[in-house]
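A.B. asks: Before we start, here is the structure in question, set down as structure tokens.
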Amino acid sequence: MTRVLATGTFDLLHPGHLFYLEQSKALGDELLVIVARDANVQHKPSPIIPQEQRLLMVSTLKMVDRAILGDETDIFRPIEDLKPDVITLGYDQHFDVVLLKEELATRRIDARVVRLVEHDPCPLCSSRSIVAKVLEERRR
């Protein structure tokens with residue numbers, strides 16, 4: 001059985017998230033998802049939706065077999081515990097693939113890292129575009 005791991009913040013769940021998770025699921029038999037903890041999101045604005053609610057939303061998606069919150073101090077600890085065969089990265093995720101592979105090797109995690117391709121853009125396929133649309137509509 002091939003275990004695929006996807007990670008993300010999953011704030012304001014949108015079609016781009018679904019596309020990422022569907023592409024990830026297609027690479028294996030079981031899709032595991034790590035939802036970032038609020039405190040660990042530093043590469044973009046803090047999530048709007050609290051981590052427990054984001055976890056609940058992701059957990060209920062039919063393509064997701066299991067979802068957990070990330071570790072507060074070591075983002076690689078859940079990866080060590082879950083032992084995925086494949087780790088997927090969205091086309092726009094900030095991870096440096098080379099550095100990620102080096103850290104996985106250091107921790108003796110034997111997982112293939114796959115950067116997924118960009119999906120067909122849609123007007124509201126990112127949290128940023130959703131927030132911008134809400135602000136635009138509310139200013140009218």
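Ordering of the structure tokens sets the chain letters (A, B, ...), residue numbers begin anew at 1 in every chain, and ligands are numbered from 1 in the order given.
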With DSSP run on the backbone, what are the alpha helix (DSSP H) residues within chain A? I'd like them as an NGL selection string.
C.D. replies: :A and (15-25 or 51-59 or 77-82 or 97-106 or 127-139)
A.B. asks: Env of Thr88 in chain A: 10 Å cut, atoms = only C-alpha atoms, seq-sep filter 3 positions within chain, self excluded. Answer as a list in words.
C.D. replies: Val4, Leu5, Ala6, Thr7, Tyr20, Leu21, Gln23, Ser24, Lys25, Leu27, Val33, Tyr91, Gln93, Ala111, Arg112, Val113, Val114, Arg115 and Leu116 of chain A
A.B. asks: Could you pull the residues within 8 Å of Ile109 in chain A, counting only C-alpha atoms, minus those fewer than 2 positions along the same chain, as a VMD selection string?
C.D. replies: chain A and resid 79 to 80 83 104 to 107 111
A.B. asks: Please dump the current selection as a PDB file, in the first residue's frame; keep C-alpha atoms.
C.D. replies:
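New file again25.pdb:
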```
ATOM      1  CA  ILE A  79       6.262  12.611   9.054  1.00  0.00           C
ATOM      2  CA  GLU A  80       8.482  10.230  11.044  1.00  0.00           C
ATOM      3  CA  LYS A  83       6.018   6.929   7.418  1.00  0.00           C
ATOM      4  CA  LEU A 104      14.298  13.657   5.195  1.00  0.00           C
ATOM      5  CA  ALA A 105      17.585  11.823   4.519  1.00  0.00           C
ATOM      6  CA  THR A 106      19.078  13.104   7.781  1.00  0.00           C
ATOM      7  CA  ARG A 107      16.075  11.673   9.635  1.00  0.00           C
ATOM      8  CA  ALA A 111       9.893   9.119   0.960  1.00  0.00           C
TER       9      ALA A 111
END
```
A.B. asks: Which polymer residues have any atom within 12 Å of an atom of Pro45 in chain A, counting only C-alpha atoms, with same-chain residues fewer than 4 positions away left out, as a PyMOL selection string?
C.D. replies: chain A and resi 9+11+38-41+49+127-128+131
A.B. asks: Using only C-alpha atoms, can you tell me which of A:Phe19, A:His43, A:Glu72, A:Leu31 comes closest to Phe95 in chain A?
C.D. replies: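 Distance minimum relative to Phe95 in chain A lands on A:His43.
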A.B. asks: Which residue out of A:Asp29, A:Arg3, A:Leu89, A:Pro15 has the minimum interatomic distance to Pro121 in chain A when only C-alpha atoms are used?
C.D. replies: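 Looking only at the distances to Pro121 in chain A, the closest residue turns out to be A:Pro15.
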